[in-house]
$ cat protein09.cif   # mmCIF, C-alpha atoms
data_model
loop_
_atom_site.label_atom_id
_atom_site.label_comp_id
_atom_site.auth_asym_id
_atom_site.auth_seq_id
_atom_site.Cartn_x
_atom_site.Cartn_y
_atom_site.Cartn_z
CA PRO G 1 0.00 0.00 0.00
CA ARG G 2 1.09 3.59 -0.56
CA SER G 3 2.68 5.24 2.46
CA THR G 4 -0.22 7.71 2.56
CA LEU G 5 -2.90 5.02 2.60
CA PHE G 6 -3.59 4.91 6.33
CA PRO G 7 -3.39 8.30 8.09
CA TYR G 8 -6.29 7.14 10.29
CA THR G 9 -4.83 6.74 13.78
CA THR G 10 -7.86 8.23 15.52
CA LEU G 11 -10.28 6.30 13.33
CA PHE G 12 -8.45 3.01 14.01
CA ARG G 13 -8.83 3.74 17.72
CA SER G 14 -12.59 4.10 17.30
CA VAL G 15 -12.73 0.85 15.27
CA ASP G 16 -11.43 -0.87 18.39
CA SER G 17 -13.35 1.08 21.03
CA ASP G 18 -16.66 0.97 19.16
CA SER G 19 -16.20 -2.53 17.67
CA ARG G 20 -17.08 -1.17 14.26
CA PHE G 21 -16.17 -2.07 10.70
CA PRO G 22 -13.10 -0.09 9.48
CA LYS G 23 -15.00 1.51 6.61
CA GLU G 24 -12.43 4.28 6.07
CA ALA G 25 -9.58 1.80 5.67
CA ILE G 26 -11.59 -0.41 3.28
CA ALA G 27 -12.55 2.70 1.29
CA ALA G 28 -8.84 3.55 0.99
CA ILE G 29 -8.08 -0.02 -0.08
CA ARG G 30 -10.78 0.24 -2.74
CA ALA G 31 -9.41 3.56 -3.93
CA GLU G 32 -5.99 1.94 -4.36
CA ARG G 33 -7.69 -0.98 -6.18
CA LEU G 34 -6.15 -3.51 -3.81
CA LEU G 35 -9.21 -5.77 -3.48
CA GLY G 36 -8.76 -7.13 -7.00
CA ILE G 37 -4.97 -7.28 -7.34
CA ALA G 38 -4.91 -11.09 -7.53
CA VAL G 39 -7.25 -11.12 -10.55
CA PRO G 40 -5.34 -11.69 -13.82
CA SER G 41 -4.66 -8.65 -15.99
CA ASP G 42 -6.86 -9.97 -18.80
CA LEU G 43 -9.79 -9.84 -16.37
CA GLY G 44 -8.95 -6.36 -15.09
CA GLY G 45 -6.66 -7.09 -12.16
CA GLU G 46 -2.90 -7.09 -11.66
CA GLY G 47 -2.18 -10.80 -11.37
CA ALA G 48 -0.47 -10.30 -8.00
CA SER G 49 1.22 -13.34 -6.44
CA THR G 50 0.34 -14.78 -3.06
CA ALA G 51 3.64 -13.39 -1.75
CA ALA G 52 2.73 -9.88 -2.92
CA ILE G 53 -0.68 -10.12 -1.25
CA ALA G 54 0.98 -11.40 1.93
CA ASP G 55 3.12 -8.24 1.92
CA VAL G 56 -0.04 -6.14 1.79
CA CYS G 57 -1.46 -8.11 4.75
CA TYR G 58 1.78 -7.46 6.64
CA ALA G 59 1.66 -3.73 5.92
CA LEU G 60 -2.01 -3.52 6.93
CA GLY G 61 -1.31 -5.48 10.11
CA ARG G 62 1.18 -2.83 11.17
CA ALA G 63 -1.59 -0.22 10.97
CA CYS G 64 -4.84 -1.99 11.91
CA ALA G 65 -5.17 -5.67 12.76
CA SER G 66 -8.88 -5.83 11.92
CA THR G 67 -8.32 -4.30 8.48
CA ALA G 68 -5.48 -6.73 7.82
CA MET G 69 -7.57 -9.74 8.80
CA ILE G 70 -10.53 -8.60 6.70
CA TYR G 71 -8.21 -8.20 3.73
CA ALA G 72 -6.61 -11.61 4.33
CA MET G 73 -9.99 -13.35 4.50
CA HIS G 74 -11.21 -11.58 1.36
CA GLN G 75 -8.10 -12.52 -0.61
CA THR G 76 -8.37 -16.16 0.51
CA LYS G 77 -11.85 -16.32 -1.04
CA VAL G 78 -10.58 -14.63 -4.21
CA ALA G 79 -7.78 -17.23 -4.44
CA CYS G 80 -10.32 -20.07 -4.24
CA ILE G 81 -12.41 -18.58 -7.06
CA LEU G 82 -9.35 -17.77 -9.14
CA ARG G 83 -7.65 -21.16 -8.79
CA HIS G 84 -10.77 -23.34 -9.05
CA GLY G 85 -13.21 -21.40 -11.21
CA GLN G 86 -11.22 -21.33 -14.45
CA SER G 87 -13.75 -23.52 -16.27
CA SER G 88 -16.77 -21.54 -15.05
CA ALA G 89 -17.99 -18.57 -17.10
CA TRP G 90 -20.00 -17.36 -14.10
CA HIS G 91 -16.93 -17.19 -11.86
CA GLN G 92 -14.75 -15.65 -14.56
CA ASN G 93 -17.34 -12.90 -14.92
CA LEU G 94 -17.36 -12.51 -11.13
CA LEU G 95 -13.60 -11.96 -11.17
CA ARG G 96 -14.06 -9.23 -13.81
CA ARG G 97 -16.66 -7.58 -11.62
CA LEU G 98 -14.50 -7.98 -8.53
CA ALA G 99 -11.60 -6.15 -10.19
CA GLY G 100 -13.80 -3.53 -11.82
CA GLU G 101 -16.10 -2.81 -8.88
CA GLN G 102 -13.61 -3.68 -6.11
CA MET G 103 -16.11 -6.01 -4.46
CA LEU G 104 -15.47 -7.25 -0.92
CA LEU G 105 -16.10 -10.96 -0.26
CA ALA G 106 -16.82 -12.45 3.14
CA SER G 107 -16.47 -16.07 4.25
CA SER G 108 -18.92 -18.48 5.84
CA THR G 109 -17.25 -21.76 6.78
CA THR G 110 -18.22 -22.24 10.43
CA GLU G 111 -21.64 -23.54 11.30
CA GLY G 112 -23.76 -24.63 14.24
CA GLN G 113 -22.00 -26.90 16.72
CA SER G 114 -19.11 -27.80 14.41
CA GLY G 115 -17.18 -24.68 15.40
CA GLY G 116 -13.88 -24.57 13.55
CA ASP G 117 -14.40 -27.91 11.77
CA VAL G 118 -14.54 -26.42 8.29
CA ARG G 119 -14.41 -29.85 6.65
CA ASN G 120 -17.95 -30.72 7.69
CA SER G 121 -21.17 -28.93 6.80
CA ALA G 122 -24.69 -29.44 8.13
CA ALA G 123 -26.78 -27.31 5.77
CA PRO G 124 -27.22 -28.75 2.25
CA ILE G 125 -27.64 -27.12 -1.13
CA GLU G 126 -31.28 -27.49 -2.13
CA ARG G 127 -31.90 -27.79 -5.88
CA ASP G 128 -34.95 -26.89 -7.92
CA GLY G 129 -34.10 -27.28 -11.57
CA ALA G 130 -31.46 -24.68 -12.41
CA ARG G 131 -32.02 -22.89 -9.10
CA ILE G 132 -30.27 -23.54 -5.78
CA GLY G 133 -31.02 -22.52 -2.23
CA LEU G 134 -29.18 -22.63 1.09
CA GLU G 135 -30.14 -21.86 4.67
CA ARG G 136 -27.43 -22.25 7.29
CA GLN G 137 -26.82 -21.25 10.87
CA ALA G 138 -23.49 -19.48 10.43
CA THR G 139 -21.70 -19.19 13.76
CA VAL G 140 -19.46 -16.49 12.32
CA ILE G 141 -19.53 -14.38 9.17
CA SER G 142 -16.88 -11.74 9.67
CA TYR G 143 -17.87 -8.31 8.25
CA GLY G 144 -20.94 -10.03 6.79
CA LYS G 145 -23.08 -6.88 6.78
CA ALA G 146 -20.42 -4.88 4.93
CA ALA G 147 -19.58 -7.47 2.26
CA ASP G 148 -20.69 -7.45 -1.36
CA GLY G 149 -20.87 -11.22 -1.43
CA ILE G 150 -20.39 -14.31 0.73
CA VAL G 151 -18.39 -17.40 -0.18
CA THR G 152 -19.77 -20.34 1.78
CA THR G 153 -19.30 -24.06 2.23
CA ALA G 154 -22.32 -26.36 2.16
CA ARG G 155 -23.20 -30.04 1.88
CA ARG G 156 -23.47 -30.98 -1.79
CA SER G 157 -27.07 -32.17 -1.34
CA ALA G 158 -29.53 -33.22 1.34
CA ASP G 159 -28.47 -36.88 1.07
CA ALA G 160 -24.71 -36.18 0.95
CA ALA G 161 -22.29 -36.84 3.79
CA SER G 162 -21.31 -33.84 5.89
CA SER G 163 -17.80 -33.98 4.44
CA ASP G 164 -19.07 -33.99 0.83
CA GLN G 165 -18.97 -30.24 0.44
CA VAL G 166 -19.13 -27.58 -2.22
CA LEU G 167 -18.06 -23.95 -2.21
CA VAL G 168 -20.59 -21.47 -3.54
CA VAL G 169 -20.59 -17.71 -4.09
CA PHE G 170 -23.70 -15.68 -3.30
CA LEU G 171 -23.84 -11.98 -4.13
CA LYS G 172 -25.54 -9.44 -1.88
CA SER G 173 -28.74 -9.51 -3.93
CA ASP G 174 -28.90 -13.31 -3.48
CA TYR G 175 -29.19 -13.51 0.30
CA THR G 176 -30.51 -12.12 3.53
CA LEU G 177 -28.82 -12.21 6.92
CA GLU G 178 -30.73 -12.66 10.16
CA SER G 179 -28.64 -11.79 13.22
CA LEU G 180 -27.99 -14.63 15.67
CA SER G 181 -25.19 -13.23 17.81
CA GLY G 182 -23.23 -10.02 18.20
CA TRP G 183 -19.50 -9.31 18.40
CA ASP G 184 -18.23 -7.82 21.66
CA ALA G 185 -14.82 -9.46 21.66
CA PHE G 186 -11.51 -8.99 23.46
CA GLY G 187 -9.61 -8.11 20.27
CA MET G 188 -10.00 -7.99 16.48
CA ARG G 189 -13.11 -5.98 17.24
CA GLY G 190 -13.33 -4.33 13.83
CA THR G 191 -13.79 -7.65 12.03
CA CYS G 192 -17.42 -7.61 13.26
CA SER G 193 -17.48 -11.42 13.34
CA GLU G 194 -21.16 -11.82 14.11
CA GLY G 195 -23.32 -14.90 13.76
CA PHE G 196 -26.15 -15.01 11.22
CA ARG G 197 -28.79 -17.19 9.70
CA LEU G 198 -27.82 -17.07 6.03
CA MET G 199 -30.74 -17.53 3.63
CA ALA G 200 -29.57 -17.56 0.02
CA SER G 201 -30.72 -18.52 -3.44
CA GLY G 202 -29.08 -18.49 -6.84
CA VAL G 203 -28.28 -20.65 -9.83
CA ASN G 204 -26.27 -23.86 -10.19
CA GLU G 205 -23.42 -22.00 -11.90
CA GLN G 206 -22.60 -20.18 -8.65
CA ILE G 207 -21.22 -23.42 -7.20
CA LEU G 208 -17.51 -23.78 -7.91
CA PRO G 209 -16.95 -26.72 -10.29
CA VAL G 210 -14.31 -28.36 -8.05
CA GLY G 211 -15.29 -30.17 -4.83
CA TYR G 212 -14.43 -28.41 -1.60
CA ASP G 213 -12.20 -31.28 -0.52
CA LYS G 214 -9.79 -30.30 -3.33
CA ILE G 215 -10.27 -26.56 -2.82
CA HIS G 216 -9.51 -26.84 0.88
CA VAL G 217 -6.31 -28.81 0.42
CA ARG G 218 -4.91 -26.94 -2.57
CA THR G 219 -5.96 -23.38 -1.80
CA MET G 220 -8.24 -22.52 1.12
CA MET G 221 -6.12 -23.83 3.97
CA PRO G 222 -2.63 -22.92 2.74
CA VAL G 223 -3.58 -19.45 1.48
CA ALA G 224 -5.55 -18.66 4.64
CA HIS G 225 -2.67 -19.69 6.87
CA LEU G 226 -0.13 -17.76 4.80
CA LEU G 227 -2.17 -14.55 4.75
CA TRP G 228 -3.34 -14.77 8.37
CA SER G 229 0.25 -15.32 9.46
CA SER G 230 1.35 -12.29 7.45
CA ALA G 231 -1.28 -10.12 9.14
CA TRP G 232 -0.17 -11.40 12.56
CA ALA G 233 3.46 -10.67 11.67
CA GLY G 234 2.40 -7.10 10.89
CA ILE G 235 0.82 -6.74 14.33
CA ALA G 236 3.99 -8.11 15.93
CA ALA G 237 6.17 -5.75 13.85
CA ALA G 238 4.12 -2.74 14.95
CA ALA G 239 4.54 -3.77 18.59
CA VAL G 240 8.30 -4.16 18.12
CA SER G 241 8.46 -0.67 16.62
CA ARG G 242 6.75 0.74 19.70
CA ALA G 243 9.03 -1.14 22.05
CA ARG G 244 12.08 0.05 20.14
CA GLY G 245 10.86 3.64 20.43
CA PHE G 246 10.32 3.21 24.15
CA VAL G 247 13.82 1.82 24.73
CA ARG G 248 15.41 4.61 22.68
CA LYS G 249 13.54 7.26 24.64
CA ALA G 250 14.51 5.63 27.93
CA MET G 251 18.16 5.64 26.84
CA GLN G 252 18.00 9.34 25.96
CA ARG G 253 16.63 10.15 29.40
CA SER G 254 19.31 8.11 31.16
CA GLY G 255 22.27 9.41 29.20
CA GLY G 256 22.65 6.32 27.03
CA THR G 257 22.11 3.61 29.61
CA LEU G 258 19.91 0.74 28.48
CA PRO G 259 16.79 0.27 30.63
CA PRO G 260 16.56 -3.03 32.56
CA ALA G 261 13.79 -4.35 30.28
CA ALA G 262 15.81 -3.86 27.07
CA ALA G 263 16.56 -7.58 26.99
CA HIS G 264 12.89 -8.18 26.22
CA LEU G 265 13.27 -6.07 23.06
CA THR G 266 16.12 -8.37 21.98
CA ARG G 267 13.84 -11.34 22.48
CA ALA G 268 11.02 -9.64 20.56
CA ASN G 269 13.34 -8.85 17.65
CA ALA G 270 14.54 -12.44 17.52
CA SER G 271 11.06 -13.97 17.54
CA LEU G 272 9.85 -11.50 14.90
CA CYS G 273 12.76 -12.48 12.65
CA SER G 274 11.88 -16.16 13.16
CA LEU G 275 8.26 -15.41 12.31
CA THR G 276 8.96 -13.50 9.09
CA SER G 277 11.50 -16.13 8.00
CA LEU G 278 8.96 -18.91 8.60
CA ILE G 279 6.35 -17.11 6.49
CA ALA G 280 8.80 -16.32 3.67
CA THR G 281 9.92 -19.95 3.48
CA SER G 282 6.32 -21.18 3.48
CA LEU G 283 5.36 -18.72 0.73
CA ARG G 284 8.18 -19.95 -1.50
CA ARG G 285 7.18 -23.53 -0.86
CA PHE G 286 3.53 -22.85 -1.70
CA GLU G 287 4.21 -20.86 -4.86
CA SER G 288 6.56 -23.52 -6.25
CA ALA G 289 4.28 -26.50 -5.47
CA ASP G 290 2.39 -28.39 -8.14
CA VAL G 291 -0.90 -30.18 -7.49
CA GLN G 292 0.82 -33.37 -6.37
CA ALA G 293 3.00 -31.46 -3.92
CA LEU G 294 0.04 -29.48 -2.57
CA GLU G 295 -1.79 -32.70 -1.71
CA ALA G 296 1.22 -34.42 -0.10
CA ILE G 297 0.89 -35.18 3.61
CA ASP G 298 4.13 -33.43 4.49
CA PHE G 299 3.07 -30.25 2.71
CA GLN G 300 -0.38 -30.26 4.31
CA THR G 301 1.11 -30.84 7.74
CA GLY G 302 3.62 -28.06 7.20
CA MET G 303 0.97 -25.54 6.15
CA ASN G 304 -1.22 -26.45 9.10
CA LEU G 305 1.69 -26.14 11.49
CA LEU G 306 2.60 -22.80 9.92
CA LYS G 307 -0.58 -21.46 11.46
CA VAL G 308 0.27 -22.92 14.88
CA ASN G 309 3.89 -21.80 14.89
CA ALA G 310 3.21 -18.37 13.43
CA SER G 311 0.49 -17.62 15.96
CA GLU G 312 2.67 -18.73 18.86
CA LEU G 313 5.64 -16.69 17.64
CA ALA G 314 3.45 -13.64 17.11
CA VAL G 315 2.00 -13.87 20.61
CA ALA G 316 5.49 -14.35 22.10
CA THR G 317 6.78 -11.33 20.17
CA VAL G 318 4.02 -9.01 21.34
CA MET G 319 4.27 -10.26 24.91
CA SER G 320 8.01 -9.50 24.89
CA THR G 321 7.31 -5.96 23.67
CA MET G 322 4.83 -5.49 26.52
CA GLN G 323 7.54 -6.53 28.97
CA ALA G 324 10.03 -4.21 27.29
CA CYS G 325 7.69 -1.23 27.62
CA GLY G 326 6.49 -2.08 31.12
CA LEU G 327 3.82 0.23 32.47
CA ALA G 328 4.04 2.43 29.35
CA GLY G 329 3.03 -0.60 27.29
CA TYR G 330 0.33 -1.62 29.75
CA ARG G 331 -1.39 1.76 29.61
CA ASN G 332 -3.98 2.46 26.92
CA ASP G 333 -3.38 6.20 26.69
CA GLY G 334 0.29 6.57 25.69
CA GLU G 335 2.43 6.48 22.57
CA PHE G 336 4.01 3.17 23.63
CA SER G 337 0.78 1.33 24.47
CA ILE G 338 0.84 -2.36 23.46
CA GLY G 339 -2.66 -3.13 24.76
CA ARG G 340 -4.50 -3.33 21.45
CA HIS G 341 -1.67 -5.25 19.77
CA LEU G 342 -1.77 -7.84 22.56
CA ARG G 343 -5.55 -8.15 22.53
CA ASP G 344 -5.63 -8.51 18.76
CA ILE G 345 -2.79 -11.03 18.55
CA LEU G 346 -4.33 -13.25 21.21
CA SER G 347 -7.00 -14.14 18.66
CA SER G 348 -4.42 -15.97 16.56
CA PRO G 349 -4.12 -19.25 18.53
CA ILE G 350 -7.91 -19.62 18.74
CA MET G 351 -8.81 -18.67 15.15
CA ILE G 352 -9.30 -22.32 14.17
CA ASN G 353 -7.93 -23.46 17.48
CA ASN G 354 -4.33 -24.62 17.57
CA ASP G 355 -5.36 -27.60 19.68
CA ARG G 356 -7.67 -28.79 16.88
CA ILE G 357 -4.90 -28.44 14.30
CA LEU G 358 -2.34 -30.26 16.44
CA ALA G 359 -4.77 -33.07 17.19
CA ASN G 360 -5.56 -33.50 13.49
CA ALA G 361 -1.85 -33.50 12.64
CA ALA G 362 -0.98 -36.15 15.20
CA ALA G 363 -1.59 -39.05 12.82
CA ALA G 364 0.70 -37.51 10.21
CA ALA G 365 3.39 -37.02 12.86
CA LEU G 366 3.38 -40.76 13.53
CA VAL G 367 4.22 -41.65 9.93
CA SER G 368 6.31 -38.67 8.81
CA GLY G 369 10.03 -39.19 8.41
CA ILE G 370 12.83 -37.94 10.66
CA PRO G 371 15.56 -36.01 8.76
CA ASP G 372 18.77 -38.04 8.43
CA SER G 373 20.86 -34.85 8.38
CA LEU G 374 20.55 -31.09 8.82
CA ALA G 375 20.60 -30.71 5.05
CA ASP G 376 17.40 -32.74 4.56
#
$ encode --input "protein09.cif" --output "structure tokens"
Amino acid sequence: PRSTLFPYTTLFRSVDSDSRFPKEAIAAIRAERLLGIAVPSDLGGEGASTAAIADVCYALGRACASTAMIYAMHQTKVACILRHGQSSAWHQNLLRRLAGEQMLLASSTTEGQSGGDVRNSAAPIERDGARIGLERQATVISYGKAADGIVTTARRSADAASSDQVLVVFLKSDYTLESLSGWDAFGMRGTCSEGFRLMASGVNEQILPVGYDKIHVRTMMPVAHLLWSSAWAGIAAAAVSRARGFVRKAMQRSGGTLPPAAAHLTRANASLCSLTSLIATSLRRFESADVQALEAIDFQTGMNLLKVNASELAVATVMSTMQACGLAGYRNDGEFSIGRHLRDILSSPIMINNDRILANAAAAALVSGIPDSLAD
């Protein structure tokens, strides 16, 4: 993003205090035409790589965590449509519209009692000739009221297994949202991750032509984890910047003597470097993988553990900056406050809970190989 994109310090504060959608930031993103940068140039976009989009998430995370997470979720949905809707005229036209109109897409993958189990759906697609319908109890649809469309999972049909899923795009004119729960959360308050009853109708062509089992493995999970991690790294980087400023100011006041808590800044720097290196390595691995590599157990395990490791490193980084700043970091009313950064970053281990990911990866850990040397 341009350096002038986010001069909204006061507005970001109200996004947090009022738990409101960051409409000014999203308007600026639209003005810079960043919502459609992944769309190929022949469809009106810029054909940006996943790595380039991750950089945007990182930059946004340094300014406003909620904006960064909204952008990351939107771009994950765009990636699914882009990578799995090539054979669909309806989805190709949607990509043109997305780039031209800078549409914002929301996600609906959690439902009822399944929580973060995105690989099972309760509500089925109902078919009536060329028409389709869906009604689901969506536990969370982040920024659902502000979106121009919702990309949702669903059971393929009423007689399909819960794991036999499709991914379908409904535009704003296709659905209504009935509020089920509000969003008064500890952090990430601007994502407005409310619960809704989603009642939608459309045409068969709005269903992506590839089954969700393939979409999840090849695109949804790895791209989500890469972009979420990049947003979290941005939050951590912003906290490190504040801690560095605090230590420098403390040194000036003491005639050049490091404050006692400066060691925590060293630890924060080190964990931030580990975090950004982990993300960069994972991005290169994803962008160079073919379909066979994407579906390999080792790759899937690595991308799932990226989310776990990145979230833990980000939390550790921000916690170290809080310790470096001491009371100045603990306060909400000073230039070195770390409070919002800490509250926002604490969402990362529970956004698809790390315990669920680790439990699911346990079977793979039993059969995966042990490196024979450090070069492997």
$ residues_around --input "protein09.cif" --residues "Arg244 in chain G" --least-positions-apart "2" --cutoff "9 Å" --atoms "all atoms listed in the file" --output "ChimeraX atom specification"
/G:239-242,246-249,262,265,321,324-325
$ closest_residue --input "protein09.cif" --among "G:Val140, G:Met303, G:Ile350, G:Ala362" --to "His216 in chain G" --atoms "only C-alpha atoms"
G:Met303
$ resolve_selection --input "protein09.cif" --expression "the PyMOL selection byres ((chain G and resi 142-157) around 9)" --output "count of residues only"
55
$ residues_around --input "protein09.cif" --residues "Arg96 in chain G" --least-positions-apart "5" --cutoff "9 Å" --atoms "all atoms listed in the file" --output "PyMOL selection string"
chain G and resi 36+39+42-45+91+101
$ write_last_selection --input "protein09.cif" --atoms "C-alpha atoms" --output "CSV table (one decimal), in the frame of the given file"
chain,number,residue,atom,x,y,z
G,36,GLY,CA,-8.8,-7.1,-7.0
G,39,VAL,CA,-7.2,-11.1,-10.6
G,42,ASP,CA,-6.9,-10.0,-18.8
G,43,LEU,CA,-9.8,-9.8,-16.4
G,44,GLY,CA,-9.0,-6.4,-15.1
G,45,GLY,CA,-6.7,-7.1,-12.2
G,91,HIS,CA,-16.9,-17.2,-11.9
G,101,GLU,CA,-16.1,-2.8,-8.9
$ atom_distance --input "protein09.cif" --atom1 "CA of Gly85 in chain G" --atom2 "CA of Leu208 in chain G"
5.9 Å
$ residues_around --input "protein09.cif" --residues "Thr301 in chain G" --least-positions-apart "2" --cutoff "12 Å" --atoms "all atoms listed in the file" --output "ChimeraX atom specification"
/G:217,221-222,225,282,293-299,303-309,357-368
$ closest_residue --input "protein09.cif" --among "G:Gln102, G:Thr219, G:Ser66, G:Ser201" --to "Trp232 in chain G" --atoms "all atoms listed in the file"
G:Ser66
$ resolve_selection --input "protein09.cif" --expression "the PyMOL selection byres ((chain G and resi 88) around 12)" --output "ChimeraX atom specification"
/G:81-87,89-95,204-210
$ write_last_selection --input "protein09.cif" --atoms "C-alpha atoms" --output "mmCIF file, in the frame of the given file"
data_model
loop_
_atom_site.group_PDB
_atom_site.id
_atom_site.type_symbol
_atom_site.label_atom_id
_atom_site.label_comp_id
_atom_site.auth_asym_id
_atom_site.auth_seq_id
_atom_site.Cartn_x
_atom_site.Cartn_y
_atom_site.Cartn_z
ATOM 1 C CA ILE G 81 -12.410 -18.580 -7.060
ATOM 2 C CA LEU G 82 -9.350 -17.770 -9.140
ATOM 3 C CA ARG G 83 -7.650 -21.160 -8.790
ATOM 4 C CA HIS G 84 -10.770 -23.340 -9.050
ATOM 5 C CA GLY G 85 -13.210 -21.400 -11.210
ATOM 6 C CA GLN G 86 -11.220 -21.330 -14.450
ATOM 7 C CA SER G 87 -13.750 -23.520 -16.270
ATOM 8 C CA ALA G 89 -17.990 -18.570 -17.100
ATOM 9 C CA TRP G 90 -20.000 -17.360 -14.100
ATOM 10 C CA HIS G 91 -16.930 -17.190 -11.860
ATOM 11 C CA GLN G 92 -14.750 -15.650 -14.560
ATOM 12 C CA ASN G 93 -17.340 -12.900 -14.920
ATOM 13 C CA LEU G 94 -17.360 -12.510 -11.130
ATOM 14 C CA LEU G 95 -13.600 -11.960 -11.170
ATOM 15 C CA ASN G 204 -26.270 -23.860 -10.190
ATOM 16 C CA GLU G 205 -23.420 -22.000 -11.900
ATOM 17 C CA GLN G 206 -22.600 -20.180 -8.650
ATOM 18 C CA ILE G 207 -21.220 -23.420 -7.200
ATOM 19 C CA LEU G 208 -17.510 -23.780 -7.910
ATOM 20 C CA PRO G 209 -16.950 -26.720 -10.290
ATOM 21 C CA VAL G 210 -14.310 -28.360 -8.050
#
$ atom_distance --input "protein09.cif" --atom1 "CA of Leu227 in chain G" --atom2 "CA of Ala72 in chain G"
5.3 Å
$ atom_distance --input "protein09.cif" --atom1 "CA of Ser14 in chain G" --atom2 "CA of Ala237 in chain G"
21.5 Å
$ resolve_selection --input "protein09.cif" --expression "the PyMOL selection byres ((chain G and resi 278) around 10)" --output "NGL selection string"
:G and (226 or 229 or 272-277 or 279-283 or 306 or 309-310 or 313)
$ axis_aligned_box --input "protein09.cif" --around "range 263-267 of chain G" --padding-each-side "3 Å" --output "AutoDock Vina command-line options"
--center_x 14.7 --center_y -8.7 --center_z 24.5 --size_x 9.7 --size_y 11.3 --size_z 11.0
$ closest_residue --input "protein09.cif" --among "G:Ala243, G:His264, G:Asp290, G:Val203" --to "Asp128 in chain G" --atoms "only C-alpha atoms"
G:Val203
$ residues_around --input "protein09.cif" --residues "Ile338 in chain G" --least-positions-apart "3" --cutoff "6 Å" --atoms "all atoms listed in the file" --output "ChimeraX atom specification"
/G:322,329,341
$ residues_near_point --input "protein09.cif" --point "(-4.6, -6.2, 16.1)" --cutoff "9 Å" --atoms "all atoms listed in the file" --output "ChimeraX atom specification"
/G:16,61-69,187-189,231-232,234-236,340-347
$ write_last_selection --input "protein09.cif" --atoms "C-alpha atoms" --output "short mmCIF file (atom, residue, chain, number, x, y, z; two decimals), in the frame of the given file"
data_model
loop_
_atom_site.label_atom_id
_atom_site.label_comp_id
_atom_site.auth_asym_id
_atom_site.auth_seq_id
_atom_site.Cartn_x
_atom_site.Cartn_y
_atom_site.Cartn_z
CA ASP G 16 -11.43 -0.87 18.39
CA GLY G 61 -1.31 -5.48 10.11
CA ARG G 62 1.18 -2.83 11.17
CA ALA G 63 -1.59 -0.22 10.97
CA CYS G 64 -4.84 -1.99 11.91
CA ALA G 65 -5.17 -5.67 12.76
CA SER G 66 -8.88 -5.83 11.92
CA THR G 67 -8.32 -4.30 8.48
CA ALA G 68 -5.48 -6.73 7.82
CA MET G 69 -7.57 -9.74 8.80
CA GLY G 187 -9.61 -8.11 20.27
CA MET G 188 -10.00 -7.99 16.48
CA ARG G 189 -13.11 -5.98 17.24
CA ALA G 231 -1.28 -10.12 9.14
CA TRP G 232 -0.17 -11.40 12.56
CA GLY G 234 2.40 -7.10 10.89
CA ILE G 235 0.82 -6.74 14.33
CA ALA G 236 3.99 -8.11 15.93
CA ARG G 340 -4.50 -3.33 21.45
CA HIS G 341 -1.67 -5.25 19.77
CA LEU G 342 -1.77 -7.84 22.56
CA ARG G 343 -5.55 -8.15 22.53
CA ASP G 344 -5.63 -8.51 18.76
CA ILE G 345 -2.79 -11.03 18.55
CA LEU G 346 -4.33 -13.25 21.21
CA SER G 347 -7.00 -14.14 18.66
#
